[in-house]
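Raw contents of upload.cif, mmCIF, C-alpha atoms:
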data_target
loop_
_atom_site.label_atom_id
_atom_site.label_comp_id
_atom_site.auth_asym_id
_atom_site.auth_seq_id
_atom_site.Cartn_x
_atom_site.Cartn_y
_atom_site.Cartn_z
CA MET I 1 -38.16 -105.78 -8.16
CA ALA I 2 -35.14 -103.78 -7.06
CA TRP I 3 -32.65 -101.71 -9.01
CA SER I 4 -28.98 -100.96 -8.59
CA THR I 5 -27.73 -97.36 -8.49
CA ARG I 6 -26.75 -97.51 -12.16
CA GLN I 7 -30.10 -98.98 -13.20
CA LEU I 8 -32.03 -96.41 -11.20
CA ALA I 9 -30.03 -93.56 -12.72
CA GLU I 10 -30.67 -94.87 -16.24
CA LEU I 11 -34.40 -95.17 -15.59
CA ALA I 12 -34.57 -91.59 -14.32
CA GLY I 13 -32.37 -90.19 -17.09
CA THR I 14 -29.60 -89.03 -14.80
CA THR I 15 -26.19 -90.22 -13.61
CA VAL I 16 -24.86 -92.35 -10.80
CA LYS I 17 -22.89 -89.33 -9.61
CA ALA I 18 -26.10 -87.26 -9.42
CA VAL I 19 -27.90 -89.98 -7.45
CA ARG I 20 -25.06 -90.13 -4.94
CA HIS I 21 -25.14 -86.33 -4.63
CA TYR I 22 -28.88 -86.38 -3.93
CA HIS I 23 -28.19 -88.84 -1.15
CA LYS I 24 -25.48 -86.58 0.24
CA VAL I 25 -27.68 -83.45 0.36
CA GLY I 26 -30.62 -85.34 1.82
CA LEU I 27 -33.00 -85.21 -1.13
CA LEU I 28 -33.07 -88.97 -1.75
CA GLU I 29 -33.19 -91.53 1.02
CA GLU I 30 -30.59 -94.28 1.09
CA PRO I 31 -32.09 -97.70 0.27
CA GLU I 32 -31.47 -100.93 2.10
CA ARG I 33 -28.40 -102.90 1.13
CA LEU I 34 -27.93 -106.57 0.44
CA SER I 35 -25.44 -108.60 2.45
CA ASN I 36 -22.86 -107.89 -0.22
CA GLY I 37 -23.27 -104.12 0.29
CA TYR I 38 -25.13 -103.37 -2.96
CA LYS I 39 -28.00 -100.86 -2.75
CA GLN I 40 -31.48 -102.08 -3.61
CA TYR I 41 -33.71 -99.27 -4.88
CA GLN I 42 -37.49 -99.69 -4.86
CA VAL I 43 -40.35 -97.95 -6.66
CA PRO I 44 -40.63 -95.10 -4.09
CA HIS I 45 -36.96 -94.30 -4.71
CA LEU I 46 -37.57 -94.17 -8.45
CA ILE I 47 -40.60 -91.90 -8.03
CA ARG I 48 -38.68 -89.57 -5.76
CA LEU I 49 -35.72 -89.45 -8.11
CA LEU I 50 -38.02 -88.67 -11.04
CA GLN I 51 -39.48 -85.79 -9.03
CA ILE I 52 -36.03 -84.41 -8.32
CA VAL I 53 -34.92 -84.72 -11.93
CA ARG I 54 -38.08 -83.01 -13.19
CA LEU I 55 -37.78 -80.09 -10.82
CA ALA I 56 -34.10 -79.72 -11.65
CA GLU I 57 -35.03 -79.60 -15.36
CA LEU I 58 -37.41 -76.74 -14.53
CA GLY I 59 -34.49 -74.84 -13.07
CA VAL I 60 -35.30 -75.36 -9.42
CA PRO I 61 -32.10 -75.23 -7.32
CA LEU I 62 -31.57 -78.28 -5.15
CA ALA I 63 -31.97 -76.21 -2.00
CA GLN I 64 -35.38 -75.07 -3.19
CA ILE I 65 -36.47 -78.62 -4.00
CA ALA I 66 -36.16 -79.33 -0.29
CA THR I 67 -38.21 -76.19 0.40
CA LEU I 68 -40.92 -77.37 -1.96
CA ASP I 69 -41.07 -80.63 -0.05
CA GLN I 70 -41.81 -78.66 3.10
CA ALA I 71 -44.49 -76.54 1.41
CA GLU I 72 -46.88 -79.33 0.49
CA GLU I 73 -49.87 -77.49 1.91
CA ARG I 74 -49.26 -74.41 -0.29
CA PRO I 75 -46.95 -75.53 -3.10
CA ASP I 76 -48.35 -72.87 -5.43
CA ASP I 77 -46.67 -70.13 -3.40
CA ALA I 78 -43.27 -71.74 -3.76
CA ILE I 79 -43.83 -72.29 -7.49
CA ALA I 80 -44.91 -68.66 -7.89
CA VAL I 81 -41.71 -67.49 -6.20
CA LEU I 82 -39.67 -69.71 -8.49
CA ASP I 83 -41.53 -68.39 -11.53
CA ALA I 84 -40.78 -64.79 -10.51
CA GLU I 85 -37.10 -65.62 -10.05
CA LEU I 86 -36.95 -67.30 -13.46
CA ALA I 87 -38.70 -64.31 -15.06
CA ALA I 88 -36.07 -62.00 -13.58
CA THR I 89 -33.30 -64.29 -14.83
CA ILE I 90 -34.79 -64.37 -18.33
CA GLU I 91 -35.06 -60.58 -18.34
CA ARG I 92 -31.44 -60.24 -17.25
CA LEU I 93 -30.24 -62.70 -19.89
CA GLN I 94 -32.28 -60.95 -22.59
CA ARG I 95 -30.70 -57.64 -21.58
CA VAL I 96 -27.25 -59.23 -21.77
CA ARG I 97 -28.01 -60.57 -25.24
CA GLU I 98 -29.10 -57.12 -26.39
CA GLU I 99 -25.89 -55.62 -25.02
CA LEU I 100 -23.82 -58.30 -26.73
CA ALA I 101 -25.58 -57.55 -30.01
CA VAL I 102 -24.58 -53.89 -29.74
CA ILE I 103 -21.00 -54.86 -28.89
CA LEU I 104 -20.81 -57.16 -31.91
CA GLN I 105 -22.42 -54.59 -34.19
CA HIS I 106 -19.96 -51.86 -33.28
CA ARG I 107 -17.02 -54.14 -32.49
CA SER I 108 -16.53 -52.27 -29.26
CA PRO I 109 -14.68 -53.56 -26.18
CA ALA I 110 -16.97 -55.71 -24.04
CA SER I 111 -15.80 -53.86 -20.93
CA LEU I 112 -17.16 -50.52 -22.17
CA PRO I 113 -20.58 -49.56 -20.70
CA PRO I 114 -23.29 -50.53 -23.26
CA ARG I 115 -24.50 -46.99 -23.95
CA PHE I 116 -21.00 -46.03 -25.11
CA ALA I 117 -20.52 -49.03 -27.42
CA PRO I 118 -21.69 -47.12 -30.55
CA LEU I 119 -19.16 -44.40 -29.71
CA ALA I 120 -16.16 -46.68 -29.17
CA ASP I 121 -14.44 -45.65 -32.40
CA ARG I 122 -14.32 -42.05 -31.15
CA LEU I 123 -12.59 -42.98 -27.90
CA THR I 124 -8.92 -43.57 -27.32
CA GLU I 125 -7.88 -46.35 -24.96
CA THR I 126 -7.45 -43.75 -22.22
CA ASP I 127 -10.88 -42.28 -22.98
CA GLN I 128 -12.45 -45.72 -22.70
CA SER I 129 -10.80 -46.29 -19.33
CA MET I 130 -12.04 -42.94 -18.05
CA VAL I 131 -15.57 -43.64 -19.31
CA MET I 132 -15.61 -46.92 -17.38
CA ILE I 133 -14.55 -45.10 -14.23
CA TYR I 134 -16.98 -42.23 -14.77
CA SER I 135 -19.82 -44.72 -15.13
CA ARG I 136 -19.13 -46.05 -11.64
CA VAL I 137 -18.44 -42.70 -9.99
CA PHE I 138 -21.07 -40.32 -11.41
CA ASP I 139 -24.88 -40.45 -11.48
CA ASP I 140 -27.12 -41.16 -14.46
CA GLN I 141 -27.58 -37.49 -15.35
CA ALA I 142 -23.84 -36.92 -15.62
CA ILE I 143 -23.33 -40.08 -17.67
CA ALA I 144 -26.18 -39.15 -20.02
CA GLU I 145 -24.56 -35.75 -20.58
CA LEU I 146 -21.18 -37.39 -21.10
CA GLU I 147 -22.65 -39.70 -23.73
CA GLN I 148 -24.33 -36.76 -25.47
CA MET I 149 -21.11 -34.76 -25.38
CA ILE I 150 -19.12 -37.55 -27.02
CA ARG I 151 -21.87 -38.13 -29.56
CA ASP I 152 -22.33 -34.48 -30.57
CA THR I 153 -18.80 -33.12 -30.29
CA PRO I 154 -16.25 -34.05 -32.96
CA VAL I 155 -12.71 -34.64 -31.75
CA SER I 156 -10.91 -31.31 -32.17
CA PRO I 157 -7.33 -30.98 -33.45
CA ALA I 158 -6.27 -29.95 -29.94
CA GLU I 159 -7.84 -33.07 -28.39
CA ALA I 160 -6.15 -35.28 -30.98
CA ALA I 161 -2.82 -33.59 -30.30
CA LEU I 162 -3.27 -34.07 -26.56
CA ALA I 163 -3.91 -37.80 -27.01
CA ALA I 164 -0.67 -38.14 -28.99
CA LEU I 165 1.44 -35.84 -26.79
CA PRO I 166 4.61 -37.58 -25.52
CA ALA I 167 5.77 -37.18 -21.94
CA ASP I 168 8.93 -35.38 -23.06
CA ALA I 169 7.13 -32.70 -25.09
CA ASP I 170 8.87 -29.33 -24.71
CA ARG I 171 7.40 -26.54 -22.59
CA ALA I 172 6.46 -24.38 -25.59
CA THR I 173 4.42 -27.22 -27.06
CA ARG I 174 2.69 -27.84 -23.74
CA ARG I 175 1.87 -24.15 -23.34
CA ARG I 176 0.57 -23.80 -26.90
CA LEU I 177 -1.55 -26.94 -26.68
CA GLY I 178 -3.03 -25.85 -23.36
CA GLU I 179 -4.10 -22.57 -24.92
CA GLU I 180 -5.59 -24.38 -27.93
CA LEU I 181 -7.47 -26.85 -25.77
CA ALA I 182 -8.95 -24.23 -23.42
CA PRO I 183 -11.76 -23.11 -25.78
CA ASP I 184 -12.86 -26.75 -26.15
CA LEU I 185 -13.10 -27.12 -22.38
CA ALA I 186 -14.92 -23.81 -21.99
CA ALA I 187 -17.48 -24.79 -24.64
CA ALA I 188 -18.03 -28.18 -23.02
CA ARG I 189 -18.56 -26.59 -19.59
CA GLU I 190 -21.11 -24.25 -21.10
CA ALA I 191 -23.02 -26.98 -22.94
CA TYR I 192 -22.94 -29.68 -20.28
CA PRO I 193 -23.74 -28.40 -16.76
CA TRP I 194 -22.36 -31.41 -14.86
CA LEU I 195 -18.84 -30.43 -15.89
CA ARG I 196 -19.16 -27.20 -13.93
CA ASP I 197 -19.78 -29.11 -10.69
CA PRO I 198 -19.00 -32.81 -11.22
CA GLY I 199 -18.78 -33.46 -7.48
CA ALA I 200 -22.49 -32.76 -7.15
CA HIS I 201 -23.13 -35.79 -9.35
CA GLY I 202 -20.92 -38.22 -7.43
CA ARG I 203 -22.75 -41.40 -6.52
CA ARG I 204 -20.88 -41.55 -3.22
CA GLY I 205 -20.33 -37.86 -2.71
CA ALA I 206 -18.03 -35.17 -4.06
CA ALA I 207 -14.94 -36.21 -2.11
CA HIS I 208 -15.09 -39.80 -3.35
CA ALA I 209 -15.66 -38.68 -6.95
CA GLU I 210 -12.80 -36.19 -6.84
CA ALA I 211 -10.37 -38.65 -5.28
CA THR I 212 -11.24 -41.50 -7.66
CA VAL I 213 -11.17 -39.44 -10.84
CA GLY I 214 -8.06 -37.55 -9.71
CA ARG I 215 -6.16 -40.76 -9.14
CA ALA I 216 -7.29 -42.18 -12.48
CA VAL I 217 -6.29 -39.05 -14.39
CA GLY I 218 -2.93 -38.98 -12.62
CA GLU I 219 -2.14 -42.53 -13.69
CA LEU I 220 -3.67 -42.61 -17.18
CA TYR I 221 -2.12 -39.38 -18.53
CA ASN I 222 1.58 -38.63 -18.79
CA VAL I 223 3.20 -35.59 -17.18
CA ALA I 224 3.02 -33.46 -20.32
CA GLN I 225 -0.67 -34.25 -20.85
CA LEU I 226 -1.42 -33.46 -17.21
CA GLU I 227 0.29 -30.07 -17.54
CA VAL I 228 -1.69 -29.29 -20.69
CA LEU I 229 -4.97 -30.28 -19.04
CA HIS I 230 -4.24 -28.19 -15.96
CA ARG I 231 -3.27 -25.13 -17.98
CA ALA I 232 -6.29 -25.49 -20.27
CA ASN I 233 -8.62 -25.81 -17.28
CA LEU I 234 -7.22 -22.67 -15.63
CA ILE I 235 -7.72 -20.72 -18.85
CA ALA I 236 -11.19 -22.13 -19.51
CA THR I 237 -12.38 -21.27 -15.99
CA GLY I 238 -10.83 -17.81 -15.97
CA GLN I 239 -8.41 -18.55 -13.14
CA LEU I 240 -5.77 -16.21 -14.53
CA ASP I 241 -4.01 -15.52 -11.22
CA GLN I 242 -3.54 -19.24 -10.66
CA LEU I 243 -2.36 -19.53 -14.27
CA GLU I 244 0.36 -16.95 -13.66
CA GLU I 245 1.48 -18.78 -10.53
CA PHE I 246 1.52 -22.05 -12.44
CA GLU I 247 3.58 -20.56 -15.26
CA ARG I 248 6.11 -19.18 -12.78
CA ALA I 249 6.31 -22.58 -11.08
CA VAL I 250 6.99 -24.53 -14.27
CA THR I 251 9.40 -21.87 -15.53
CA GLY I 252 11.30 -22.17 -12.27
CA LYS I 253 11.56 -25.91 -12.73
CA ASP I 254 12.92 -25.38 -16.24
CA ASP I 255 15.54 -22.95 -14.92
CA GLU I 256 16.56 -25.44 -12.22
CA GLY I 257 16.90 -28.12 -14.85
#
Produce C-alpha cells that represent the structure in this file.
Amino acid sequence: MAWSTRQLAELAGTTVKAVRHYHKVGLLEEPERLSNGYKQYQVPHLIRLLQIVRLAELGVPLAQIATLDQAEERPDDAIAVLDAELAATIERLQRVREELAVILQHRSPASLPPRFAPLADRLTETDQSMVMIYSRVFDDQAIAELEQMIRDTPVSPAEAALAALPADADRATRRRLGEELAPDLAAAREAYPWLRDPGAHGRRGAAHAEATVGRAVGELYNVAQLEVLHRANLIATGQLDQLEEFERAVTGKDDEG
C-alpha cells in the first residue's frame, strides 16, 4: 500500500506543507513517483515522519533532529543536552511570568526593570527613563542602592518642584530651587556611597558611564532643570568657588540678554 502526500500527512497528524519542508531540509527522503508524477509513500516514510513529528512535539529543533540521527550510538547524550536546554528555557519563561505578575500587580511600565516595578508610582517619566539607563550602565551594587534610595526616601518638595520646572523659569526661581535641592543631594550622597563615585560602578568603566549618563541627562531635562541640578550639586559637594564662577557666568548671560 502506498500513500499520497496528503494521506501521509493526515496519518502522521501533520500538514502537507510540513512534509514538503521536511523533504527540503533533508529530514525525510523523497519517495518514488508514479508515471503521472504523484509521490508514493511507503511504510518506512510513515515511520520516519512519525519520528520527526514526535521529536518536534518534544521541542527538538529540526536541526537537532538531524543531529540525533547521527548520534545513534549514544542518543542519551543528545537527549540529555536537549533536556538541559529545555530546563533553561522553562526557568527563563518562569522568571518572565514572575516579572509579568509584578508588572500587572503594580501596573508599572513593562520597560521598567523588574526590581523597580513596585516603585513605579514614585517615578516621573523622566525618572523611569533614567532608571532604565542606570540599570544598563551601573553595576548591581549601585542599582541596589538606587532601589533602596527610591524606596526609603520620600519625594521632597524641592524634587517635586524640579520635576515641574518649566524651561523658561526665571533666574531667581532656578537659584532658589537649587539651594532647596542641595540638602537632598547632600543627604543622598551621605547615605548611598555609590553617588559619591558613580564612575567606579560603571559596568564598562567610568568614562562610558559618565558619557552615557551625561548625554541622557542633557536630553531628558530642560535647560532650567539642568541649571538647578548643577547649582544644587555644587552646593551639596561644597564646591563654592565653582559656584561663584557659575553664578557670574549665568548673571553675565542675563545681562547680555
Quiz prompt | Length of the CA of Gln239 (chain I) to CA of Ala182 (chain I) vector [Å] | solution =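 So the two atoms, CA of Gln239 (chain I) and CA of Ala182 (chain I), lie 11.8 Å apart.
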Practice problem: Name the residues in contact with region 114-129 of chain I at a cut-off of 9 Å, using all atoms listed in the file, excluding same-chain residues fewer than 2 positions from it; report them as a list in words. | Solution: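 My reading of the contact set: Glu99, Leu100, Val102, Ile103, Gln105, His106, Arg107, Ser108, Pro109, Ala110, Ser111, Leu112, Val131, Met132, Ile133, Tyr134, Ala144, Glu147, Ile150, Arg151, Pro154, Val155, Ala163, Ala216, Leu220 and Tyr221 of chain I.
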Quiz item: Counting all atoms listed in the file, which of I:Ala200, I:Val213, I:Val223, I:Val19 gets nearest to Leu46 (chain I)?
Solution: I:Val19
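Counting from CA of Glu145 (chain I), the distance to CA of Glu190 (chain I) is 12.0 Å.
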Practice problem: Find the residues near region 167-179 of chain I: any atom within 8 Å, counting all atoms listed in the file, skip ones fewer than 2 places away on the same chain, and give them as a PyMOL selection string. | Solution: chain I and resi 158+161-162+165+181-183+222-225+227-232+235
Go ahead and save the residues from that selection, with C-alpha atoms, as a PDB file, in the coordinates of the input.
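As written to disk, out-v8.pdb reads:
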ATOM      1  CA  ALA I 158      -6.270 -29.950 -29.940  1.00  0.00           C
ATOM      2  CA  ALA I 161      -2.820 -33.590 -30.300  1.00  0.00           C
ATOM      3  CA  LEU I 162      -3.270 -34.070 -26.560  1.00  0.00           C
ATOM      4  CA  LEU I 165       1.440 -35.840 -26.790  1.00  0.00           C
ATOM      5  CA  LEU I 181      -7.470 -26.850 -25.770  1.00  0.00           C
ATOM      6  CA  ALA I 182      -8.950 -24.230 -23.420  1.00  0.00           C
ATOM      7  CA  PRO I 183     -11.760 -23.110 -25.780  1.00  0.00           C
ATOM      8  CA  ASN I 222       1.580 -38.630 -18.790  1.00  0.00           C
ATOM      9  CA  VAL I 223       3.200 -35.590 -17.180  1.00  0.00           C
ATOM     10  CA  ALA I 224       3.020 -33.460 -20.320  1.00  0.00           C
ATOM     11  CA  GLN I 225      -0.670 -34.250 -20.850  1.00  0.00           C
ATOM     12  CA  GLU I 227       0.290 -30.070 -17.540  1.00  0.00           C
ATOM     13  CA  VAL I 228      -1.690 -29.290 -20.690  1.00  0.00           C
ATOM     14  CA  LEU I 229      -4.970 -30.280 -19.040  1.00  0.00           C
ATOM     15  CA  HIS I 230      -4.240 -28.190 -15.960  1.00  0.00           C
ATOM     16  CA  ARG I 231      -3.270 -25.130 -17.980  1.00  0.00           C
ATOM     17  CA  ALA I 232      -6.290 -25.490 -20.270  1.00  0.00           C
ATOM     18  CA  ILE I 235      -7.720 -20.720 -18.850  1.00  0.00           C
TER      19      ILE I 235
END
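Among I:Ala88, I:Ala188, I:Leu27, I:Leu146, the residue with the shortest atom-to-atom distance to Pro61 (chain I), counting all atoms listed in the file, is I:Leu27.
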Check which residues satisfy the PyMOL selection byres ((chain I and resi 8-10) around 10) in the file shown, then give them as a PDB file with C-alpha atoms, in the coordinates of the input.
ATOM      1  CA  ALA I   2     -35.140-103.780  -7.060  1.00  0.00           C
ATOM      2  CA  TRP I   3     -32.650-101.710  -9.010  1.00  0.00           C
ATOM      3  CA  SER I   4     -28.980-100.960  -8.590  1.00  0.00           C
ATOM      4  CA  THR I   5     -27.730 -97.360  -8.490  1.00  0.00           C
ATOM      5  CA  ARG I   6     -26.750 -97.510 -12.160  1.00  0.00           C
ATOM      6  CA  GLN I   7     -30.100 -98.980 -13.200  1.00  0.00           C
ATOM      7  CA  LEU I  11     -34.400 -95.170 -15.590  1.00  0.00           C
ATOM      8  CA  ALA I  12     -34.570 -91.590 -14.320  1.00  0.00           C
ATOM      9  CA  GLY I  13     -32.370 -90.190 -17.090  1.00  0.00           C
ATOM     10  CA  THR I  14     -29.600 -89.030 -14.800  1.00  0.00           C
ATOM     11  CA  THR I  15     -26.190 -90.220 -13.610  1.00  0.00           C
ATOM     12  CA  VAL I  16     -24.860 -92.350 -10.800  1.00  0.00           C
ATOM     13  CA  LYS I  17     -22.890 -89.330  -9.610  1.00  0.00           C
ATOM     14  CA  ALA I  18     -26.100 -87.260  -9.420  1.00  0.00           C
ATOM     15  CA  VAL I  19     -27.900 -89.980  -7.450  1.00  0.00           C
ATOM     16  CA  ARG I  20     -25.060 -90.130  -4.940  1.00  0.00           C
ATOM     17  CA  GLN I  40     -31.480-102.080  -3.610  1.00  0.00           C
ATOM     18  CA  TYR I  41     -33.710 -99.270  -4.880  1.00  0.00           C
ATOM     19  CA  GLN I  42     -37.490 -99.690  -4.860  1.00  0.00           C
ATOM     20  CA  VAL I  43     -40.350 -97.950  -6.660  1.00  0.00           C
ATOM     21  CA  HIS I  45     -36.960 -94.300  -4.710  1.00  0.00           C
ATOM     22  CA  LEU I  46     -37.570 -94.170  -8.450  1.00  0.00           C
ATOM     23  CA  LEU I  49     -35.720 -89.450  -8.110  1.00  0.00           C
ATOM     24  CA  LEU I  50     -38.020 -88.670 -11.040  1.00  0.00           C
TER      25      LEU I  50
END
Exercise. Calculate how many Å separate CA of Leu28 (chain I) from CA of Arg48 (chain I), rounding to one decimal.
Key: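 Between CA of Leu28 (chain I) and CA of Arg48 (chain I) the gap works out to 6.9 Å.
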Quiz item: Which residues come within 7 Å of Ala209 (chain I), counting only C-alpha atoms, excluding same-chain residues fewer than 6 positions away, as number ranges by chain?
Solution: I: 137, 199, 202
Exercise. Considering only C-alpha atoms, return as an MDAnalysis selection string whatever protein or nucleic-acid residues lie within 9 Å of Pro198 (chain I), sequence-local ones (same chain, fewer than 6 positions apart) excluded.
Key: chainID I and resid 138 142 206 209:210
Box centre and edge lengths (Å, one decimal), axis-aligned, region 107-125 of chain I plus 4 Å each side, as JSON:
{"center_x": -16.2, "center_y": -48.9, "center_z": -26.6, "size_x": 24.6, "size_y": 21.7, "size_z": 19.8}
